Structures are given as structure tokens and as C-alpha cells.
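Novice: Dropping in model.txt, which is compact mmCIF, C-alpha atoms:
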```
# COMPACT_ATOMS: atom_id res chain seq x y z
CA MET A 231 18.69 95.82 -110.50
CA LYS A 232 16.19 97.33 -108.07
CA ASN A 233 15.33 93.89 -106.68
CA PHE A 234 19.02 93.12 -106.39
CA TRP A 235 19.70 96.10 -104.09
CA ILE A 236 16.53 95.47 -102.07
CA ASP A 237 17.78 91.92 -101.53
CA CYS A 238 21.20 93.29 -100.45
CA VAL A 239 19.58 95.62 -97.91
CA ILE A 240 17.45 92.79 -96.49
CA ALA A 241 20.54 90.56 -96.22
CA THR A 242 22.41 93.39 -94.47
CA LEU A 243 19.57 93.79 -91.96
CA PHE A 244 19.85 90.05 -91.37
CA VAL A 245 23.60 90.47 -90.65
CA PHE A 246 22.92 93.25 -88.13
CA PHE A 247 20.20 91.17 -86.49
CA ALA A 248 22.71 88.32 -86.13
CA MET A 249 25.28 90.77 -84.64
CA TRP A 250 22.69 91.91 -82.12
CA GLY A 251 21.95 88.29 -81.17
CA ILE A 252 25.65 87.49 -80.74
CA LEU A 253 26.08 90.61 -78.57
CA LYS A 254 23.21 89.58 -76.30
CA ILE A 255 24.65 86.07 -75.91
CA THR A 256 28.15 87.37 -75.05
CA GLN A 257 26.66 89.74 -72.46
CA LEU A 258 25.57 86.68 -70.50
CA ASN A 259 29.29 86.08 -69.77
CA VAL A 260 28.80 82.32 -70.15
CA PHE A 261 32.11 81.92 -71.99
CA ASN A 262 34.27 84.19 -69.83
CA ALA A 263 35.88 81.31 -67.96
CA PHE A 264 37.26 79.96 -71.25
CA ASP A 265 38.22 83.30 -72.77
CA SER A 266 41.60 84.21 -71.25
CA ILE A 267 42.66 86.05 -74.41
CA GLY A 268 39.47 88.12 -74.43
CA THR A 269 39.96 88.98 -70.77
CA ALA A 270 43.53 90.14 -71.43
CA LEU A 271 42.46 92.28 -74.40
CA GLY A 272 39.31 93.60 -72.73
CA ASP A 273 40.91 96.84 -71.54
CA MET A 274 42.74 97.56 -74.80
CA GLU A 275 41.80 99.81 -77.71
CA LEU A 276 43.54 99.98 -81.08
CA THR A 277 44.21 103.69 -80.65
CA ASP A 278 46.30 102.93 -77.55
CA TYR A 279 49.09 101.94 -79.92
CA VAL A 280 49.24 105.51 -81.23
CA PHE A 281 49.89 106.89 -77.74
CA SER A 282 52.41 104.24 -76.77
CA GLY A 283 54.14 103.45 -80.04
CA LEU A 284 53.70 105.93 -82.90
CA ARG A 285 53.69 109.46 -81.56
CA ALA A 286 56.86 111.50 -81.31
CA ASP A 287 57.84 112.66 -77.83
CA PRO A 288 55.91 115.86 -76.98
CA ASN A 289 57.53 119.01 -75.64
CA VAL A 290 57.61 119.55 -71.88
CA GLU A 291 54.49 121.29 -70.56
CA GLU A 292 55.79 124.56 -69.08
CA ASN A 293 52.50 125.87 -67.70
CA VAL A 294 51.73 122.99 -65.34
CA VAL A 295 53.79 121.86 -62.34
CA VAL A 296 52.95 118.78 -60.25
CA VAL A 297 53.80 118.76 -56.52
CA ASN A 298 53.87 115.62 -54.39
CA ILE A 299 52.08 115.70 -51.04
CA GLY A 300 52.98 112.10 -50.16
CA ARG A 301 51.59 111.12 -46.75
CA LEU A 302 51.91 114.62 -45.30
CA THR A 303 49.76 115.83 -42.44
CA ARG A 304 47.48 118.81 -42.93
CA ARG A 305 50.00 120.97 -41.08
CA GLU A 306 52.73 119.94 -43.57
CA VAL A 307 50.44 120.45 -46.59
CA ALA A 308 49.80 123.96 -45.26
CA GLN A 309 53.56 124.54 -45.21
CA GLU A 310 53.83 123.37 -48.84
CA ILE A 311 51.04 125.75 -49.90
CA GLN A 312 52.66 128.67 -48.06
CA ILE A 313 56.03 128.02 -49.70
CA ILE A 314 54.60 127.65 -53.23
CA SER A 315 52.34 130.70 -52.78
CA LYS A 316 55.38 132.91 -52.17
CA TYR A 317 56.36 132.43 -55.81
CA LYS A 318 53.00 133.65 -57.17
CA PRO A 319 51.45 130.73 -59.10
CA LYS A 320 48.30 131.69 -60.95
CA VAL A 321 46.33 128.64 -59.78
CA ILE A 322 46.87 126.03 -57.09
CA GLY A 323 44.89 122.81 -57.35
CA ILE A 324 44.84 120.29 -54.50
CA ASP A 325 43.82 116.76 -55.44
CA SER A 326 43.08 115.64 -51.89
CA PHE A 327 40.16 115.73 -49.47
CA PHE A 328 40.27 117.30 -46.03
CA ASP A 329 37.27 115.78 -44.32
CA CYS A 330 36.33 112.84 -42.12
CA VAL A 331 35.96 109.83 -44.39
CA THR A 332 33.84 107.87 -41.90
CA GLY A 333 31.48 110.79 -41.34
CA LEU A 334 32.15 110.56 -37.62
CA ARG A 335 33.67 113.77 -36.33
CA ASP A 336 35.70 112.69 -33.31
CA THR A 337 39.42 112.29 -32.80
CA VAL A 338 39.18 108.48 -32.66
CA ASN A 339 37.40 107.98 -35.98
CA CYS A 340 38.91 111.07 -37.62
CA PRO A 341 42.56 111.41 -36.44
CA PRO A 342 43.29 114.65 -38.41
CA LEU A 343 40.97 116.48 -36.00
CA ARG A 344 43.50 115.95 -33.20
CA ASP A 345 45.79 118.58 -34.69
CA GLY A 346 43.59 121.65 -34.26
CA LEU A 347 46.46 124.05 -34.93
CA GLY A 348 47.37 122.13 -38.10
CA ASN A 349 43.80 122.46 -39.39
CA LEU A 350 43.85 126.21 -38.70
CA MET A 351 47.21 126.48 -40.50
CA LEU A 352 45.82 124.71 -43.57
CA SER A 353 42.66 126.84 -43.57
CA GLU A 354 44.74 130.01 -43.31
CA ALA A 355 47.17 128.86 -46.03
CA ILE A 356 44.25 128.29 -48.45
CA LYS A 357 42.77 131.67 -47.52
CA GLU A 358 46.04 133.57 -47.94
CA ALA A 359 46.83 131.91 -51.27
CA GLY A 360 43.46 133.05 -52.61
CA ASN A 361 43.70 130.89 -55.75
CA VAL A 362 43.22 127.34 -54.47
CA VAL A 363 40.85 124.90 -56.18
CA LEU A 364 39.74 122.02 -53.96
CA VAL A 365 38.34 118.75 -55.24
CA THR A 366 34.87 117.35 -54.63
CA LYS A 367 33.44 113.92 -55.38
CA LEU A 368 30.21 113.28 -57.25
CA LEU A 369 27.93 110.95 -55.28
CA GLN A 370 24.72 109.08 -55.94
CA LYS A 371 23.01 108.51 -52.61
CA ASP A 372 19.68 107.49 -54.13
CA SER A 373 20.37 104.38 -56.23
CA LEU A 374 17.02 104.81 -58.01
CA SER A 375 17.80 108.31 -59.26
CA GLU A 376 19.58 109.06 -62.51
CA GLY A 377 22.98 110.71 -62.37
CA PHE A 378 24.54 112.27 -59.28
CA ASP A 379 22.55 113.89 -56.52
CA SER A 380 25.16 115.09 -54.00
CA LEU A 381 28.80 116.05 -53.46
CA GLU A 382 31.49 115.05 -51.02
CA ILE A 383 33.30 118.25 -50.03
CA SER A 384 36.21 119.05 -47.73
CA ASP A 385 35.25 120.51 -44.35
CA GLN A 386 33.84 124.03 -44.43
CA ILE A 387 36.86 125.47 -42.62
CA PHE A 388 38.83 124.71 -45.80
CA SER A 389 36.24 124.84 -48.61
CA GLU A 390 34.89 128.28 -47.66
CA HIS A 391 38.27 129.85 -48.49
CA ALA A 392 38.76 128.02 -51.81
CA LYS A 393 38.58 129.98 -55.06
CA GLY A 394 36.70 127.06 -56.60
CA LEU A 395 35.37 123.57 -55.97
CA ALA A 396 35.39 120.96 -58.74
CA PHE A 397 34.82 117.22 -58.99
CA ALA A 398 37.81 114.92 -59.36
CA ASN A 399 35.82 111.89 -60.62
CA LEU A 400 37.46 110.33 -63.67
CA ASP A 401 35.67 108.25 -66.28
CA THR A 402 36.57 104.60 -65.63
CA GLU A 403 34.66 101.34 -65.49
CA ALA A 404 35.95 100.54 -61.99
CA ALA A 405 33.28 99.35 -59.58
CA TYR A 406 35.16 100.66 -56.53
CA GLN A 407 38.23 102.75 -55.65
CA ASP A 408 40.74 99.87 -55.43
CA ASP A 409 39.46 98.13 -58.57
CA VAL A 410 41.48 98.16 -61.81
CA LYS A 411 40.97 101.62 -63.31
CA THR A 412 41.60 102.34 -67.00
CA CYS A 413 41.13 106.03 -67.78
CA ARG A 414 40.72 107.22 -71.36
CA ALA A 415 38.09 109.93 -71.03
CA LEU A 416 36.67 112.63 -68.80
CA VAL A 417 33.28 114.21 -68.30
CA PRO A 418 33.83 118.01 -68.38
CA THR A 419 30.65 118.98 -66.51
CA GLU A 420 27.88 117.36 -64.49
CA TRP A 421 24.65 118.64 -63.00
CA VAL A 422 24.07 118.04 -59.29
CA ASP A 423 20.78 119.13 -57.77
CA GLY A 424 20.27 121.69 -60.55
CA VAL A 425 23.76 123.20 -60.25
CA GLN A 426 26.40 122.72 -62.94
CA GLN A 427 29.66 121.35 -61.58
CA TYR A 428 32.99 121.45 -63.45
CA ALA A 429 35.70 118.82 -63.60
CA PHE A 430 38.80 119.58 -61.53
CA ALA A 431 41.07 120.10 -64.56
CA VAL A 432 38.45 122.20 -66.37
CA LYS A 433 38.05 124.49 -63.34
CA MET A 434 41.81 125.08 -63.06
CA ALA A 435 42.06 125.77 -66.79
CA MET A 436 39.13 128.17 -66.57
CA ILE A 437 40.85 130.25 -63.87
CA TYR A 438 44.15 130.18 -65.77
CA ASP A 439 42.76 130.90 -69.27
CA SER A 440 38.99 131.27 -69.38
CA LEU A 441 38.90 131.71 -73.18
CA LYS A 442 40.54 128.33 -73.88
CA ALA A 443 38.45 126.60 -71.23
CA ARG A 444 35.24 127.97 -72.72
CA LYS A 445 36.36 126.84 -76.20
CA PHE A 446 36.74 123.38 -74.77
CA LEU A 447 33.31 123.47 -73.14
CA ALA A 448 31.77 124.88 -76.35
CA ARG A 449 32.40 121.49 -77.97
CA LYS A 450 29.44 120.33 -75.83
CA ASN A 451 30.59 116.73 -75.67
CA TYR A 452 29.30 114.83 -72.66
CA SER A 453 32.53 112.82 -72.63
CA GLU A 454 35.92 113.83 -74.03
CA ILE A 455 38.79 111.48 -74.89
CA ILE A 456 41.93 112.54 -72.99
CA ASN A 457 44.73 113.37 -75.39
CA TYR A 458 47.55 112.18 -73.12
CA ARG A 459 50.79 114.09 -73.54
CA GLY A 460 53.08 112.40 -71.01
CA ASN A 461 53.89 111.40 -67.44
CA VAL A 462 55.99 112.55 -64.50
CA VAL A 463 59.33 110.93 -63.72
CA ASP A 464 58.97 107.21 -64.47
CA LEU A 465 61.79 105.29 -62.80
CA PHE A 466 60.32 101.88 -63.62
CA GLY A 467 59.68 102.50 -67.33
CA GLN A 468 55.96 101.74 -67.16
CA THR A 469 55.19 104.14 -70.02
CA ASN A 470 56.83 104.83 -73.36
CA TYR A 471 56.71 108.59 -72.88
CA PRO A 472 59.43 110.67 -71.23
CA GLN A 473 58.77 113.08 -68.35
CA MET A 474 56.26 115.64 -69.52
CA PHE A 475 55.60 117.74 -66.41
CA TYR A 476 57.97 119.52 -64.07
CA THR A 477 57.65 117.73 -60.74
CA LEU A 478 58.56 118.69 -57.18
CA ASP A 479 58.89 116.12 -54.43
CA VAL A 480 58.09 116.90 -50.78
CA SER A 481 61.75 117.54 -49.97
CA ASP A 482 62.14 119.86 -52.99
CA VAL A 483 59.30 122.06 -51.76
CA MET A 484 60.31 122.09 -48.09
CA THR A 485 63.91 123.07 -48.96
CA GLU A 486 62.74 125.36 -51.79
CA ASN A 487 64.92 123.43 -54.24
CA PHE A 488 63.53 125.05 -57.40
CA VAL A 489 63.82 128.27 -59.35
CA PRO A 490 61.08 130.92 -58.91
CA GLU A 491 60.37 130.99 -62.67
CA MET A 492 59.21 127.39 -62.41
CA ILE A 493 56.23 128.45 -60.29
CA LYS A 494 55.39 132.07 -61.19
CA ASP A 495 52.10 132.43 -63.13
CA LYS A 496 51.81 128.64 -63.55
CA ILE A 497 49.21 126.05 -62.59
CA VAL A 498 50.55 124.06 -59.64
CA ILE A 499 48.70 120.83 -58.84
CA PHE A 500 49.25 119.15 -55.48
CA GLY A 501 48.56 115.42 -55.31
CA PHE A 502 49.75 111.99 -54.27
CA LEU A 503 52.81 110.67 -56.17
CA GLY A 504 53.82 108.05 -53.63
CA GLU A 505 55.64 108.63 -50.37
CA GLU A 506 58.45 109.96 -52.55
CA LEU A 507 59.03 110.24 -56.30
CA GLY A 508 59.62 106.80 -57.76
CA ASP A 509 57.47 105.03 -55.18
CA PRO A 510 55.67 102.20 -57.09
CA SER A 511 52.54 102.64 -54.96
CA TRP A 512 49.22 101.67 -56.60
CA SER A 513 47.23 104.13 -54.49
CA ASP A 514 45.18 106.55 -56.66
CA LYS A 515 46.85 105.14 -59.78
CA PHE A 516 45.36 104.43 -63.20
CA TYR A 517 46.03 102.48 -66.36
CA THR A 518 46.28 104.79 -69.38
CA PRO A 519 46.97 104.40 -73.12
CA LEU A 520 50.60 105.32 -72.36
CA ASN A 521 51.12 101.99 -70.58
CA ARG A 522 54.03 100.06 -72.06
CA LYS A 523 51.97 96.87 -72.03
CA LEU A 524 48.95 97.36 -74.27
CA ALA A 525 47.18 94.15 -73.23
CA GLY A 526 47.12 92.16 -70.02
CA LYS A 527 48.56 95.14 -68.15
CA ALA A 528 50.43 94.25 -64.97
CA ASN A 529 51.01 97.65 -63.33
CA PRO A 530 49.07 100.93 -63.46
CA ASP A 531 51.22 103.68 -64.91
CA MET A 532 49.86 107.08 -63.90
CA PHE A 533 48.80 108.76 -60.64
CA GLY A 534 45.44 110.52 -60.66
CA VAL A 535 46.99 113.97 -60.20
CA VAL A 536 49.02 113.44 -63.40
CA VAL A 537 45.85 112.45 -65.29
CA HIS A 538 44.38 115.83 -64.25
CA ALA A 539 47.60 117.53 -65.38
CA ASN A 540 47.27 115.90 -68.81
CA ILE A 541 43.70 117.17 -69.13
CA VAL A 542 44.76 120.72 -68.21
CA SER A 543 47.58 120.53 -70.76
CA MET A 544 45.17 119.30 -73.45
CA ILE A 545 42.81 122.23 -72.81
CA LEU A 546 45.55 124.88 -72.74
CA ASN A 547 47.12 123.55 -75.95
CA GLU A 548 43.69 123.13 -77.59
CA ASP A 549 44.88 119.69 -78.63
CA TYR A 550 41.61 117.75 -78.51
CA VAL A 551 40.59 114.34 -79.79
CA ASP A 552 37.59 114.41 -82.10
CA GLN A 553 35.57 111.28 -82.69
CA MET A 554 32.88 109.96 -84.98
CA PRO A 555 29.30 110.28 -83.64
CA GLU A 556 27.57 106.98 -82.90
CA TRP A 557 25.00 107.36 -85.68
CA GLN A 558 27.78 107.79 -88.23
CA GLN A 559 29.45 104.61 -86.94
CA TYR A 560 26.27 102.63 -87.62
CA LEU A 561 25.68 104.32 -90.99
CA MET A 562 29.24 103.57 -92.15
CA ALA A 563 28.97 99.95 -90.99
CA PHE A 564 25.60 99.54 -92.74
CA LEU A 565 26.78 100.98 -96.08
CA ILE A 566 29.98 98.94 -96.10
CA CYS A 567 27.99 95.82 -95.20
CA VAL A 568 25.54 96.46 -98.08
CA LEU A 569 28.46 96.77 -100.52
CA ASN A 570 29.98 93.56 -99.17
CA VAL A 571 26.69 91.69 -99.55
CA ALA A 572 26.40 92.96 -103.13
CA LEU A 573 29.98 91.87 -103.92
CA PHE A 574 29.51 88.45 -102.29
CA SER A 575 26.24 87.97 -104.18
CA ILE A 576 28.00 88.61 -107.50
CA ILE A 577 30.85 86.27 -106.55
CA ASN A 578 28.35 83.58 -105.52
CA THR A 579 26.55 83.90 -108.86
CA ARG A 580 29.56 84.04 -111.18
CA TYR A 581 32.23 82.08 -109.33
CA PRO A 582 30.40 79.71 -106.94
CA ILE A 583 33.34 77.27 -106.78
CA TRP A 584 35.71 80.03 -105.59
CA TYR A 585 33.21 81.71 -103.28
CA ASP A 586 34.71 80.66 -99.92
CA GLY A 587 38.31 81.46 -100.82
CA ILE A 588 37.58 84.82 -102.47
CA THR A 589 35.20 86.08 -99.78
CA LYS A 590 37.54 85.13 -96.93
CA LEU A 591 40.41 86.94 -98.67
CA VAL A 592 38.22 90.03 -99.19
CA GLN A 593 37.15 89.99 -95.53
CA LEU A 594 40.72 89.61 -94.25
CA THR A 595 41.96 92.44 -96.50
CA GLN A 596 39.21 94.76 -95.29
CA LEU A 597 39.81 93.95 -91.62
CA ILE A 598 43.51 94.81 -91.96
CA LEU A 599 42.78 97.93 -94.02
CA TYR A 600 40.13 99.39 -91.70
CA THR A 601 42.22 98.64 -88.61
CA ALA A 602 45.30 100.34 -90.10
CA LEU A 603 43.16 103.26 -91.29
CA MET A 604 41.76 103.79 -87.79
CA VAL A 605 45.23 103.85 -86.22
CA LEU A 606 46.77 106.10 -88.89
CA ILE A 607 43.91 108.65 -88.91
CA PHE A 608 44.16 108.88 -85.12
CA ASP A 609 47.89 109.48 -85.42
CA TRP A 610 47.71 112.00 -88.29
CA TYR A 611 44.57 113.99 -87.43
CA THR A 612 43.85 113.13 -83.74
CA PHE A 613 40.47 111.87 -84.91
CA LYS A 614 39.02 108.63 -83.59
CA LEU A 615 37.48 106.82 -86.54
CA ASN A 616 35.58 104.19 -84.59
CA VAL A 617 35.28 101.19 -86.91
CA THR A 618 34.38 98.58 -84.28
CA ILE A 619 30.88 98.00 -85.67
CA THR A 620 32.23 97.98 -89.23
CA LEU A 621 34.87 95.40 -88.33
CA ALA A 622 32.22 93.20 -86.70
CA ALA A 623 29.96 93.46 -89.76
CA VAL A 624 32.79 92.67 -92.17
CA ALA A 625 33.95 89.71 -90.07
CA LEU A 626 30.45 88.19 -90.02
CA VAL A 627 29.01 89.16 -93.39
CA GLY A 628 30.38 86.17 -95.36
CA ASP A 629 29.03 83.42 -93.11
CA ILE A 630 25.80 85.23 -92.22
CA TYR A 631 25.15 85.89 -95.93
CA GLU A 632 25.47 82.16 -96.64
CA ILE A 633 23.00 81.38 -93.85
CA TYR A 634 20.64 84.01 -95.24
CA MET A 635 20.82 82.59 -98.76
CA SER A 636 20.66 78.90 -97.87
CA VAL A 637 18.12 79.03 -95.05
CA PHE A 638 16.20 82.27 -94.73
CA LYS A 639 15.77 83.04 -98.43
CA ASN A 640 14.90 79.43 -99.31
CA LEU A 641 12.24 79.43 -96.60
CA LEU A 642 10.95 82.73 -97.99
CA LYS A 643 10.80 81.32 -101.52
CA LYS A 644 9.04 78.22 -100.24
CA ALA A 645 6.48 80.37 -98.46
CA GLN A 646 5.95 82.44 -101.62
CA ARG A 647 5.41 79.29 -103.69
CA GLY A 648 2.93 78.08 -101.10
CA LEU A 649 1.00 81.34 -101.33
CA LEU A 650 0.96 81.17 -105.16
CA LEU A 651 -0.35 77.58 -105.12
CA THR A 652 -3.05 78.53 -102.63
CA LYS A 653 -4.02 81.52 -104.79
CA LYS A 654 -4.24 79.34 -107.94
CA LYS A 655 -6.40 76.77 -106.14
CA GLU A 656 -8.73 79.54 -105.03
CA GLU A 657 -8.93 80.84 -108.63
CA VAL A 658 -9.74 77.32 -109.94
CA LEU A 659 -12.41 76.79 -107.31
CA THR A 660 -13.88 80.22 -108.08
CA SER A 661 -13.97 79.38 -111.81
```
Could you quickly redo this structure as C-alpha cells?
Specialist:
Amino acid sequence: MKNFWIDCVIATLFVFFAMWGILKITQLNVFNAFDSIGTALGDMELTDYVFSGLRADPNVEENVVVVNIGRLTRREVAQEIQIISKYKPKVIGIDSFFDCVTGLRDTVNCPPLRDGLGNLMLSEAIKEAGNVVLVTKLLQKDSLSEGFDSLEISDQIFSEHAKGLAFANLDTEAAYQDDVKTCRALVPTEWVDGVQQYAFAVKMAMIYDSLKARKFLARKNYSEIINYRGNVVDLFGQTNYPQMFYTLDVSDVMTENFVPEMIKDKIVIFGFLGEELGDPSWSDKFYTPLNRKLAGKANPDMFGVVVHANIVSMILNEDYVDQMPEWQQYLMAFLICVLNVALFSIINTRYPIWYDGITKLVQLTQLILYTALMVLIFDWYTFKLNVTITLAAVALVGDIYEIYMSVFKNLLKKAQRGLLLTKKKEEVLTS
């Protein structure tokens, strides 16, 4: 029995070695041109189905209001801030930069500088509000250094009056701003030049309710999965969720078309929602798990400012997504693979004629079971049971085990017999 389990462990290590080899080959991207299905499914996760198909509609978030700034000038943004500030919000977040993108500070290369009075109005509006959080951007100027080494910040005339500065970077695999951006997670904090920087949503939540924000940070996860709760008004039906956040368009703010209770003591986040609500613009827009199309997505479904609103809502409601640590993923996959090897070994010994049919049925059953279990646990307990490695091991274990038994083990036995014969010859010669 001891030798049996040792053999199972060795076979399992052989399976994992084969998985590693397959992974290295696929990373060469030599088959990408022929893999249209893989390309379409590349930005999909099984848990996306929970967000888009299983969950009941959440209640409207009453503590967060999203305000559209469209293509407003700085003078007009100042007017929006002044109007909203009259109704005493607890925090105002502005998801927009007020600097010269080119780095050249002249009126030709930086047109906003032409309106000197408008810049003064915006600076004064931020100062008078006294509770404005401005965004920054994490930068890596030295490509050889690890992590971020600098920040892009709005001009000092604005940033010096802000209550806080926080980075707006979201965790995506996009190579550049206009690339396809799928956002499932955020990094709560980063260190830049020895100073800890907070994410935009975390900073707003900290000012609004420091206790809940610190509970969130106490989880000490480098990356957190965003537990999306909903979207703003979605005229084109790109998500399966209804409107989650109260939203004010530019015209609503300028005409003060809202009730004071909507703003008082709330978090109000200014950001781009198109030139007007319902604008299908792709600018600063992301794919999220709420997208109606789970695979081969055609249109991004959520503006960046709404992603930040979802993160704030998650923190304030303490509705986090827990996930299995990576070492547990490998341990689970290894143990299940060992049990599969043991089962397949018994089947091969007792029912060799039926081996292929039985093992394939066992593998298929397990793949369906583990996939369903992952989705259901995420839905019931908001816990991400990551079974990707387990699924890969189960899918490969049958064929890899046969290769191990027919090739590797036979070669090992042959080598052992060769060693025994050599040893006997040496004994005879010695005698």
C-alpha cells in the first residue's frame, strides 16, 4: 500500500510537470492565429456569470451620487462644484485631471491655460468646498525599477487646496489607455518613493467613514476583487443590472434639478459619463463582469467613475469578495490529482477493457461538478473558489497517467532491471 501511494504521488508530479510544459508552450502564442474561440473567451471568468446572471438586483446605493462633467471647461466644472457644495456633501471626488497633458505650459499646447479666470474659479471652488479629493496617476518613469516611482498630479493651484490626493489607476491588463480594458480588481494602496498612496475610492471612503475603510485595509490584500453592485442609467442595455447609483447630468446640476436630501452628507463623485447621459462614448470606459455578453464582448459597459463608485459602495457596505490563496489552489489541485491517479490506477488494474470509457466519464463529471461548485459558492458566500488549476489537472490526468504508465514507468523498470543485471554480473565476477 505504501508503494502504491508513492507511485500515485510520482505520477501526480508527472502530471504537474506536463501542465507546466503545456503552459510554457502556450505562452509562445504560436497557436493564437488558429484559436478564435480562445481569443473570444480570453477575457471571461466563470464567476462573471454570477454578476450578470444569478444575483438578485441590489438595492440602490443611497450614500453615493455620480455627477457627469461631460466635456465641460474648468470654469463650468467650478460652477458644478459650487452648486453641489451648497447642499453640504460630506465628500466630493473629482475623477479628472487639471494639468497640461503634454507637459508644455503654454496656451498653444495647453489650451485650458487661456482661461485664467476659469482656473482661478476652479481653484477657489475646490478651496471653498474643503472636502474635495483629486485623482493622481501612478507612473513608472524608470522602466528598470520595480513598481511605481512617481505621480501625475493636477497643477498646484488646484491640488494644494484638495482635502486628499489619491490614485485613480485601475487593475486591468490594458497596455495603453485606449486598449480594451477589463476591470475586475483594484489595488487599495501603493508605495511611491517611500510614501503610501491610497486608491481614489479608498480615500473617499476613508474620509466618509474611516472605520469601514480601515477594516477594508486591514484585510491586507495587495489586490481586491471588486464586488460590483450595479451601473448608472444604461439606455443601451449593455449590463444586466438596473441603475444602482443616483446620477446627475450636467443640465441637472446647472439647473439644480434635484432635491437637497440627495446630496447632503453623501459622497458625490464627478466624472465623465459621456457628453450627456446615454452617450455611448468609449472614452474612459471599461468592460466589467456586469457586461451582458460574457464572451467576445463588443461594447464596454461601465465608465471609470462608476467603477470607483462601485468600489466605494463595496467598502461602505463591507460586502467584500474573499478568495482562496494561491498555495491552497495548488494544494487542492495536487490532492485531487493524487486521488484521481489512485482511482485510475485501480480501474486500470481491475477493469482494463473499460478504462478509457470509465476515466473519461469520471473526468467529465468532475469538470462539471467543480465548475458548478465554483459558481455556486461565489453566489452563496461571495467567495472565489479558484479551481482553474484543479480543472486543468483533472482534464489532463487520464491521458498523462497513461503516458506515465506506458512510457515513463516502463523505462524506469527497464533501467532497474539493467541495474540488477549489472549488479548480479559484478557479484558473479567477484565470486
Novice: From the options A:Gly346, A:Gly360, A:Pro418, A:Pro519, which residue's atoms come nearest to Glu390 in chain A, counting only C-alpha atoms?
Specialist: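 Of all the options, A:Gly360 lies closest to Glu390 in chain A.
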Novice: Applying 10 Å and all atoms listed in the file, which residues near Asp479 in chain A remain after dropping the ones on its own chain fewer than 4 positions away? List them as a list of chain:residue names.
Specialist: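 Result of the neighbour search: A:Val296, A:Val297, A:Asn298, A:Ile299, A:Gly300, A:Val483, A:Met484, A:Asn487, A:Leu503, A:Gly504, A:Glu505, A:Glu506, A:Leu507, A:Gly508.
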Novice: In Å, how far is it from CA of Met604 in chain A to CA of Val624 in chain A?
Specialist: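 Interatomic distance, CA of Met604 in chain A to CA of Val624 in chain A: 14.9 Å.
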Novice: Near Thr303 in chain A, within 12 Å and counting all atoms listed in the file, which residues show up once chain neighbours fewer than 3 positions away are dropped, as a list in words?
Specialist: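 Residues meeting the cut-off are Ile299, Gly300, Glu306, Val307, Ala308, Gln309, Glu310, Ser326, Phe327, Phe328, Pro341, Pro342, Leu343, Arg344, Asp345, Gly346, Leu347, Gly348, Asn349, Met351, Leu352 and Val480 of chain A.
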Novice: Write out as a count of residues only each polymer residue whose atoms come within 8 Å of Val568 in chain A, counting all atoms listed in the file; drop sequence neighbours fewer than 3 positions from it.
Specialist: 8
Novice: Take CA of Asp336 in chain A and CA of Lys367 in chain A and report the distance between them in Å, one decimal.
Specialist: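 So the answer is 22.2 Å.
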Novice: Just give me the gap between CA of Val417 in chain A and CA of Ser453 in chain A in Å, one decimal is fine.
Specialist: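 Distance between the two atoms: 4.6 Å.
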Novice: For a quick check of understanding, using only C-alpha atoms, which of A:Asp287, A:Asp439, A:Asp482, A:Glu632 has the smallest distance to Lys496 in chain A?
Specialist: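 Going through A:Asp287, A:Asp439, A:Asp482, A:Glu632 one by one, the smallest distance to Lys496 in chain A is for A:Asp439.
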Novice: Set the distance at 12 Å and use all atoms listed in the file: which residues neighbour Met436 in chain A once local chain neighbours fewer than 2 positions away are removed? I'd like the list as number ranges by chain.
Specialist: A: 320-321, 363, 393-394, 396, 418, 428-434, 438-447, 497, 542, 545-546
Novice: What would the list of residues within 12 Å of (46.2, 118.0, -72.8) (file frame) look like as a PyMOL selection string, if all atoms listed in the file are what count?
Specialist: chain A and resi 288-291+293-294+415-416+431-432+435+442-443+446+454-461+474-475+536-551
Novice: Next, dump the selected residues to file, keeping only C-alpha atoms, as a compact mmCIF listing (two decimals), in the frame of the given file.
Specialist:
```
# COMPACT_ATOMS: atom_id res chain seq x y z
CA PRO A 288 55.91 115.86 -76.98
CA ASN A 289 57.53 119.01 -75.64
CA VAL A 290 57.61 119.55 -71.88
CA GLU A 291 54.49 121.29 -70.56
CA ASN A 293 52.50 125.87 -67.70
CA VAL A 294 51.73 122.99 -65.34
CA ALA A 415 38.09 109.93 -71.03
CA LEU A 416 36.67 112.63 -68.80
CA ALA A 431 41.07 120.10 -64.56
CA VAL A 432 38.45 122.20 -66.37
CA ALA A 435 42.06 125.77 -66.79
CA LYS A 442 40.54 128.33 -73.88
CA ALA A 443 38.45 126.60 -71.23
CA PHE A 446 36.74 123.38 -74.77
CA GLU A 454 35.92 113.83 -74.03
CA ILE A 455 38.79 111.48 -74.89
CA ILE A 456 41.93 112.54 -72.99
CA ASN A 457 44.73 113.37 -75.39
CA TYR A 458 47.55 112.18 -73.12
CA ARG A 459 50.79 114.09 -73.54
CA GLY A 460 53.08 112.40 -71.01
CA ASN A 461 53.89 111.40 -67.44
CA MET A 474 56.26 115.64 -69.52
CA PHE A 475 55.60 117.74 -66.41
CA VAL A 536 49.02 113.44 -63.40
CA VAL A 537 45.85 112.45 -65.29
CA HIS A 538 44.38 115.83 -64.25
CA ALA A 539 47.60 117.53 -65.38
CA ASN A 540 47.27 115.90 -68.81
CA ILE A 541 43.70 117.17 -69.13
CA VAL A 542 44.76 120.72 -68.21
CA SER A 543 47.58 120.53 -70.76
CA MET A 544 45.17 119.30 -73.45
CA ILE A 545 42.81 122.23 -72.81
CA LEU A 546 45.55 124.88 -72.74
CA ASN A 547 47.12 123.55 -75.95
CA GLU A 548 43.69 123.13 -77.59
CA ASP A 549 44.88 119.69 -78.63
CA TYR A 550 41.61 117.75 -78.51
CA VAL A 551 40.59 114.34 -79.79
```
Novice: Out of A:Ile311, A:Leu520, A:Ile236, A:Ala625, which residue has the shortest atom-to-atom distance to Ile499 in chain A when counting all atoms listed in the file?
Specialist: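 Of all the options, A:Ile311 lies closest to Ile499 in chain A.
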Novice: Let me make sure I understand: among A:Ile588, A:Met554, A:Leu253, A:Ile598, which one has the smallest atom-to-atom distance to Thr612 in chain A if we use only C-alpha atoms?
Specialist: A:Met554
Novice: Mind giving me the axis-aligned box for range 344-350 of chain A with 5 Å on every side, centre plus edges in Å to one decimal, as lines of an AutoDock Vina configuration file?
Specialist:
```
center_x = 45.4
center_y = 121.1
center_z = -36.3
size_x = 13.9
size_y = 20.3
size_z = 16.2
```
Novice: Which is closer to Asp329 in chain A than all the others in A:Gln312, A:Gln386, A:Thr618, A:Gln559, using all atoms listed in the file?
Specialist: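 Answer, going by the shortest atom-to-atom distance: A:Gln386.
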Novice: Please list as a list in words every residue within 9 Å of Ser380 in chain A, counting all atoms listed in the file and excluding residues in the same chain fewer than 3 positions away.
Specialist: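 Selected residues are Lys367, Leu368, Leu369, Gln370, Lys371, Val422 and Asp423 of chain A.
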Novice: Let me make sure I understand: among A:Tyr471, A:Trp512, A:Phe246, A:Phe502, which one has the smallest atom-to-atom distance to Ile324 in chain A if we use all atoms listed in the file?
Specialist: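 Once distances to Ile324 in chain A are computed over all atoms listed in the file, the minimum belongs to A:Phe502.
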